Amino acid sequence: MEIKKKDIRALTKEQLRTFFEKNGDKAFRGNQVYEWLWQKSAHTFEDMTNVSKETRQMLEDNFVINHIKVDQMQRSNDGTIKNAVRLHDDLIVESVLIPTKTRTTACVSSQVGCSLDCKFCATSRLKRMRNLNPDEIYDQVVAIDNESRLYHNRPLSNIVFMGMGEPLMNYNNVIKAIDKITSPEGLGMSPKRIVVSTSGVPKMIKKMADDEVKFKLAVSLHSAIDEVRTSIMPFNATFPLNDLREALEYWYAKTKNRITYEYVVWDGINDKRKDIDALVEFCKFAPSKVNIIEYNPIDDGEFQQAQSSAIDMYVQVLESNHITVTVRRSRGKDIDAACGQLANKS
């Protein structure tokens, strides 16, 4: 019977050191292998050129490296790149490289499918198949960093957890991945350049505050009226706005970090003055920024981009109430790489 080998990247550095000691080798060999796995992103044990052939064979006999594979890469007219990423079990997720004049941003996935049920998002139609492991999240970032260097002549500068999945429903693995991404023994990126976007899981927002995370928080809000939000994001019935606001108040009290709200305005759904007034009221408890995001249709259904006059009204009222607001134009629409479009079509 074939013995299933363990993915070596599930081991800590200390566990690797212990493995080598138990197998009659020096503990420092664990440090070498750990560096190959994380800093150098080795795909195979054969890549580890400063490790003896016998040691590489021992690793081959005991472990696997379940590295992702970029199955298909699509390049948009605006420079955006979408990767269809094949996992070791043949499931596929998508991640995106978004370039601007001053930065390149990786939009990464945290789940295969999604735990939540937002009606306007293509990913939610897949349902959640499983959580991504820390190394699978990390590998997406490495792949996009390589593409940023190749196609834009600069390293990756920012990361947003806004791909497939709800990051706070895979909290432990997301945190482990960010620890590796920000560690000097990993990619050494600043946590201040990482944004974790959530649709709003109050208990986990409070946990992030208690864990004193250093990355930034964004909330996919879309309405500050419970009935409206529940109609487009049904899980809001379980996590209503009062609970979300209480959790965000707790977050701000602990971290003193400004909260970013992501907000799409749809025709006939949340484009009235009452919707804007509710948003202003919701934002008042802490310094905040509202990103109004262009909607990217996933079919010809009920969700359609609001009129420009409604967007202008949002901007005017928010600014008059001293709330920072930005209107974001979507990138990569021609390859279904824009916000809300990731759905395993590749």
# chains A, B, ... in the order shown; residues from 1 in each chain; ligands from 1
call {"tool": "residues_around", "arguments": {"residues": "Thr55 of chain A", "least_positions_apart": "4", "cutoff": "10 Å", "atoms": "only C-alpha atoms", "output": "PyMOL selection string"}}
result
chain A and resi 20+23+25+29+45+48+51+59-61
call {"tool": "select_by_dssp", "arguments": {"residues": "segment 59-198 of chain A", "states": "strand (DSSP E or B)", "output": "MDAnalysis selection string"}}
result
chainID A and resid 63:64 69:75 81:86 92:99 104:107 111:112 130:131 158:161 194:198
call {"tool": "closest_residue", "arguments": {"among": "A:Asp211, A:Asp139, A:Asp90, A:Glu147", "to": "Arg75 of chain A", "atoms": "only C-alpha atoms"}}
result
A:Glu147
call {"tool": "residues_around", "arguments": {"residues": "Ile293 of chain A", "least_positions_apart": "4", "cutoff": "9 Å", "atoms": "only C-alpha atoms", "output": "MDAnalysis selection string"}}
result
chainID A and resid 262:265 326:330 339
call {"tool": "residues_around", "arguments": {"residues": "Trp38 of chain A", "least_positions_apart": "6", "cutoff": "12 Å", "atoms": "only C-alpha atoms", "output": "NGL selection string"}}
result
:A and (8-13 or 31-32 or 48 or 65 or 67 or 134-136 or 138-139 or 141-142 or 177 or 179-188)
call {"tool": "write_last_selection", "arguments": {"atoms": "N, CA and C atoms", "output": "mmCIF file, in the first residue's frame"}}
result
data_model
loop_
_atom_site.group_PDB
_atom_site.id
_atom_site.type_symbol
_atom_site.label_atom_id
_atom_site.label_comp_id
_atom_site.auth_asym_id
_atom_site.auth_seq_id
_atom_site.Cartn_x
_atom_site.Cartn_y
_atom_site.Cartn_z
ATOM 1 N N ILE A 8 5.926 18.934 2.896
ATOM 2 C CA ILE A 8 7.010 19.400 3.769
ATOM 3 C C ILE A 8 6.786 20.823 4.253
ATOM 4 N N ARG A 9 6.014 21.595 3.491
ATOM 5 C CA ARG A 9 5.818 22.991 3.920
ATOM 6 C C ARG A 9 4.821 23.133 5.067
ATOM 7 N N ALA A 10 4.247 22.017 5.498
ATOM 8 C CA ALA A 10 3.411 22.054 6.701
ATOM 9 C C ALA A 10 4.269 22.034 7.967
ATOM 10 N N LEU A 11 5.587 21.772 7.806
ATOM 11 C CA LEU A 11 6.496 21.705 8.956
ATOM 12 C C LEU A 11 7.076 23.083 9.272
ATOM 13 N N THR A 12 7.247 23.353 10.559
ATOM 14 C CA THR A 12 7.955 24.570 10.979
ATOM 15 C C THR A 12 9.459 24.346 10.798
ATOM 16 N N LYS A 13 10.204 25.406 10.943
ATOM 17 C CA LYS A 13 11.659 25.268 10.850
ATOM 18 C C LYS A 13 12.177 24.347 11.951
ATOM 19 N N ASN A 31 17.534 24.368 8.451
ATOM 20 C CA ASN A 31 17.543 25.793 8.081
ATOM 21 C C ASN A 31 17.717 25.951 6.575
ATOM 22 N N GLN A 32 18.634 25.155 6.003
ATOM 23 C CA GLN A 32 18.890 25.232 4.565
ATOM 24 C C GLN A 32 17.641 24.897 3.759
ATOM 25 N N MET A 48 17.320 22.021 -4.764
ATOM 26 C CA MET A 48 18.097 22.394 -3.576
ATOM 27 C C MET A 48 19.575 22.030 -3.783
ATOM 28 N N ILE A 65 6.381 18.377 -2.150
ATOM 29 C CA ILE A 65 6.161 19.827 -2.175
ATOM 30 C C ILE A 65 4.939 20.052 -3.057
ATOM 31 N N HIS A 67 3.364 22.202 -4.699
ATOM 32 C CA HIS A 67 3.456 23.548 -5.259
ATOM 33 C C HIS A 67 2.315 23.789 -6.242
ATOM 34 N N PRO A 134 -1.740 27.585 3.797
ATOM 35 C CA PRO A 134 -0.867 28.768 3.789
ATOM 36 C C PRO A 134 0.085 28.806 2.603
ATOM 37 N N ASP A 135 0.659 27.629 2.247
ATOM 38 C CA ASP A 135 1.622 27.614 1.139
ATOM 39 C C ASP A 135 0.951 27.897 -0.196
ATOM 40 N N GLU A 136 -0.331 27.523 -0.344
ATOM 41 C CA GLU A 136 -1.046 27.780 -1.592
ATOM 42 C C GLU A 136 -1.340 29.270 -1.762
ATOM 43 N N TYR A 138 0.606 31.620 -0.328
ATOM 44 C CA TYR A 138 1.964 32.150 -0.513
ATOM 45 C C TYR A 138 2.420 31.988 -1.964
ATOM 46 N N ASP A 139 2.163 30.817 -2.539
ATOM 47 C CA ASP A 139 2.599 30.549 -3.908
ATOM 48 C C ASP A 139 1.949 31.496 -4.915
ATOM 49 N N VAL A 141 1.244 34.566 -4.415
ATOM 50 C CA VAL A 141 1.976 35.832 -4.307
ATOM 51 C C VAL A 141 3.321 35.734 -5.026
ATOM 52 N N VAL A 142 4.014 34.618 -4.835
ATOM 53 C CA VAL A 142 5.316 34.423 -5.497
ATOM 54 C C VAL A 142 5.146 34.451 -7.014
ATOM 55 N N ALA A 177 -0.069 32.416 6.241
ATOM 56 C CA ALA A 177 0.472 32.844 4.951
ATOM 57 C C ALA A 177 1.049 34.255 5.046
ATOM 58 N N ASP A 179 2.152 35.731 7.713
ATOM 59 C CA ASP A 179 3.388 35.645 8.515
ATOM 60 C C ASP A 179 4.576 35.268 7.635
ATOM 61 N N LYS A 180 4.375 34.310 6.726
ATOM 62 C CA LYS A 180 5.452 33.897 5.824
ATOM 63 C C LYS A 180 5.784 35.004 4.817
ATOM 64 N N ILE A 181 4.755 35.657 4.292
ATOM 65 C CA ILE A 181 4.946 36.720 3.301
ATOM 66 C C ILE A 181 5.730 37.889 3.896
ATOM 67 N N THR A 182 5.469 38.194 5.157
ATOM 68 C CA THR A 182 6.100 39.355 5.789
ATOM 69 C C THR A 182 7.395 39.018 6.515
ATOM 70 N N SER A 183 7.677 37.744 6.702
ATOM 71 C CA SER A 183 8.881 37.339 7.424
ATOM 72 C C SER A 183 10.134 37.594 6.575
ATOM 73 N N PRO A 184 11.248 38.001 7.228
ATOM 74 C CA PRO A 184 12.521 38.098 6.503
ATOM 75 C C PRO A 184 12.945 36.753 5.926
ATOM 76 N N GLU A 185 12.451 35.655 6.509
ATOM 77 C CA GLU A 185 12.765 34.319 6.000
ATOM 78 C C GLU A 185 11.827 33.911 4.862
ATOM 79 N N GLY A 186 10.863 34.781 4.544
ATOM 80 C CA GLY A 186 9.957 34.538 3.428
ATOM 81 C C GLY A 186 10.168 35.601 2.363
ATOM 82 N N LEU A 187 9.133 36.407 2.110
ATOM 83 C CA LEU A 187 9.238 37.450 1.084
ATOM 84 C C LEU A 187 9.627 38.811 1.656
ATOM 85 N N GLY A 188 9.526 38.955 2.976
ATOM 86 C CA GLY A 188 9.969 40.200 3.618
ATOM 87 C C GLY A 188 9.147 41.423 3.267
#
call {"tool": "atom_distance", "arguments": {"atom1": "atom CA of Gln15 of chain A", "atom2": "atom CA of Leu132 of chain A"}}
result
21.8 Å
call {"tool": "closest_residue", "arguments": {"among": "A:Thr49, A:Asn172, A:Gln304, A:Gln74", "to": "Ser110 of chain A", "atoms": "only C-alpha atoms"}}
result
A:Asn172
call {"tool": "residues_around", "arguments": {"residues": "segment 323-325 of chain A", "least_positions_apart": "2", "cutoff": "12 Å", "atoms": "only C-alpha atoms", "output": "ChimeraX atom specification"}}
result
/A:258-263,276,279-293,311-321,327-328
call {"tool": "select_by_dssp", "arguments": {"residues": "segment 4-90 of chain A", "states": "helix (DSSP H, G or I)", "output": "PyMOL selection string"}}
result
chain A and resi 8-10+13-22+28-38+45-47+53-62
call {"tool": "closest_residue", "arguments": {"among": "A:Val70, A:Ile194, A:Met204, A:Ala84", "to": "Asn146 of chain A", "atoms": "only C-alpha atoms"}}
result
A:Val70
call {"tool": "atom_distance", "arguments": {"atom1": "atom CA of Ser308 of chain A", "atom2": "atom CA of Ile225 of chain A"}}
result
21.5 Å
call {"tool": "closest_residue", "arguments": {"among": "A:Ala122, A:Ile232, A:Ile98, A:Leu244", "to": "Pro202 of chain A", "atoms": "only C-alpha atoms"}}
result
A:Leu244
call {"tool": "residues_around", "arguments": {"residues": "Leu91 of chain A", "least_positions_apart": "5", "cutoff": "12 Å", "atoms": "only C-alpha atoms", "output": "PyMOL selection string"}}
result
chain A and resi 68-71+84-86+111-113+126+128-132+136+344+346
call {"tool": "write_last_selection", "arguments": {"atoms": "N, CA and C atoms", "output": "PDB file, in the first residue's frame"}}
result
ATOM      1  N   ILE A  68       1.849  25.024  -6.296  1.00  0.00           N
ATOM      2  CA  ILE A  68       0.818  25.365  -7.280  1.00  0.00           C
ATOM      3  C   ILE A  68       1.424  25.371  -8.688  1.00  0.00           C
ATOM      4  N   LYS A  69       0.547  25.338  -9.671  1.00  0.00           N
ATOM      5  CA  LYS A  69       0.975  25.475 -11.064  1.00  0.00           C
ATOM      6  C   LYS A  69       0.062  26.505 -11.731  1.00  0.00           C
ATOM      7  N   VAL A  70       0.662  27.498 -12.373  1.00  0.00           N
ATOM      8  CA  VAL A  70      -0.149  28.450 -13.131  1.00  0.00           C
ATOM      9  C   VAL A  70      -0.568  27.754 -14.420  1.00  0.00           C
ATOM     10  N   ASP A  71      -1.826  27.318 -14.437  1.00  0.00           N
ATOM     11  CA  ASP A  71      -2.345  26.524 -15.545  1.00  0.00           C
ATOM     12  C   ASP A  71      -2.538  27.371 -16.798  1.00  0.00           C
ATOM     13  N   ALA A  84      -4.981  31.335 -13.727  1.00  0.00           N
ATOM     14  CA  ALA A  84      -5.748  30.177 -13.277  1.00  0.00           C
ATOM     15  C   ALA A  84      -4.746  29.241 -12.620  1.00  0.00           C
ATOM     16  N   VAL A  85      -4.885  29.067 -11.324  1.00  0.00           N
ATOM     17  CA  VAL A  85      -3.899  28.361 -10.513  1.00  0.00           C
ATOM     18  C   VAL A  85      -4.403  26.963 -10.186  1.00  0.00           C
ATOM     19  N   ARG A  86      -3.676  25.953 -10.644  1.00  0.00           N
ATOM     20  CA  ARG A  86      -4.047  24.563 -10.352  1.00  0.00           C
ATOM     21  C   ARG A  86      -3.385  24.106  -9.064  1.00  0.00           C
ATOM     22  N   GLN A 111      -9.899  30.801  -0.596  1.00  0.00           N
ATOM     23  CA  GLN A 111     -10.704  29.579  -0.580  1.00  0.00           C
ATOM     24  C   GLN A 111     -10.956  29.146  -2.025  1.00  0.00           C
ATOM     25  N   VAL A 112     -11.216  27.862  -2.203  1.00  0.00           N
ATOM     26  CA  VAL A 112     -11.727  27.385  -3.485  1.00  0.00           C
ATOM     27  C   VAL A 112     -13.234  27.565  -3.416  1.00  0.00           C
ATOM     28  N   GLY A 113     -13.773  28.501  -4.203  1.00  0.00           N
ATOM     29  CA  GLY A 113     -15.156  28.899  -4.030  1.00  0.00           C
ATOM     30  C   GLY A 113     -15.258  29.880  -2.874  1.00  0.00           C
ATOM     31  N   LEU A 126     -19.994  29.229  -6.796  1.00  0.00           N
ATOM     32  CA  LEU A 126     -19.242  27.974  -6.757  1.00  0.00           C
ATOM     33  C   LEU A 126     -19.414  27.235  -5.446  1.00  0.00           C
ATOM     34  N   ARG A 128     -18.220  26.875  -1.319  1.00  0.00           N
ATOM     35  CA  ARG A 128     -16.866  26.593  -0.839  1.00  0.00           C
ATOM     36  C   ARG A 128     -16.546  25.115  -0.984  1.00  0.00           C
ATOM     37  N   MET A 129     -15.441  24.827  -1.690  1.00  0.00           N
ATOM     38  CA  MET A 129     -14.995  23.437  -1.820  1.00  0.00           C
ATOM     39  C   MET A 129     -13.969  23.090  -0.752  1.00  0.00           C
ATOM     40  N   ARG A 130     -13.054  24.032  -0.493  1.00  0.00           N
ATOM     41  CA  ARG A 130     -12.144  23.857   0.646  1.00  0.00           C
ATOM     42  C   ARG A 130     -11.371  25.153   0.874  1.00  0.00           C
ATOM     43  N   ASN A 131     -10.746  25.228   2.033  1.00  0.00           N
ATOM     44  CA  ASN A 131      -9.842  26.336   2.329  1.00  0.00           C
ATOM     45  C   ASN A 131      -8.494  26.119   1.646  1.00  0.00           C
ATOM     46  N   LEU A 132      -7.836  27.198   1.301  1.00  0.00           N
ATOM     47  CA  LEU A 132      -6.469  27.089   0.800  1.00  0.00           C
ATOM     48  C   LEU A 132      -5.507  26.963   1.972  1.00  0.00           C
ATOM     49  N   GLU A 136      -0.331  27.523  -0.344  1.00  0.00           N
ATOM     50  CA  GLU A 136      -1.046  27.780  -1.592  1.00  0.00           C
ATOM     51  C   GLU A 136      -1.340  29.270  -1.762  1.00  0.00           C
ATOM     52  N   ASN A 344     -13.474  30.707 -11.935  1.00  0.00           N
ATOM     53  CA  ASN A 344     -13.007  29.434 -12.494  1.00  0.00           C
ATOM     54  C   ASN A 344     -13.446  29.184 -13.927  1.00  0.00           C
ATOM     55  N   SER A 346     -11.622  29.591 -16.418  1.00  0.00           N
ATOM     56  CA  SER A 346     -10.443  29.179 -17.197  1.00  0.00           C
ATOM     57  C   SER A 346     -10.422  27.673 -17.396  1.00  0.00           C
TER      58      SER A 346
END
call {"tool": "residues_around", "arguments": {"residues": "Asp267 of chain A", "least_positions_apart": "6", "cutoff": "12 Å", "atoms": "only C-alpha atoms", "output": "PDB file with C-alpha atoms, in the first residue's frame"}}
result
ATOM      1  CA  GLU A 294     -17.358  50.054 -10.625  1.00  0.00           C
ATOM      2  CA  TYR A 295     -19.670  47.055 -10.976  1.00  0.00           C
ATOM      3  CA  GLY A 301     -29.543  39.788 -14.274  1.00  0.00           C
ATOM      4  CA  GLU A 302     -30.796  42.137 -11.587  1.00  0.00           C
ATOM      5  CA  PHE A 303     -27.465  43.857 -10.871  1.00  0.00           C
ATOM      6  CA  GLN A 304     -26.627  46.746 -13.171  1.00  0.00           C
ATOM      7  CA  GLN A 305     -24.157  49.607 -12.748  1.00  0.00           C
ATOM      8  CA  ALA A 306     -25.813  52.720 -11.289  1.00  0.00           C
ATOM      9  CA  GLN A 307     -26.158  55.920 -13.256  1.00  0.00           C
ATOM     10  CA  SER A 308     -23.186  58.293 -13.049  1.00  0.00           C
ATOM     11  CA  SER A 309     -25.470  60.849 -11.369  1.00  0.00           C
ATOM     12  CA  ALA A 310     -25.947  58.448  -8.439  1.00  0.00           C
ATOM     13  CA  ILE A 311     -22.172  57.952  -8.121  1.00  0.00           C
TER      14      ILE A 311
END
call {"tool": "atom_distance", "arguments": {"atom1": "atom CA of Val195 of chain A", "atom2": "atom CA of Cys107 of chain A"}}
result
9.6 Å
call {"tool": "closest_residue", "arguments": {"among": "A:Met208, A:Ile175, A:Ile92, A:Met233", "to": "Gln72 of chain A", "atoms": "only C-alpha atoms"}}
result
A:Ile92
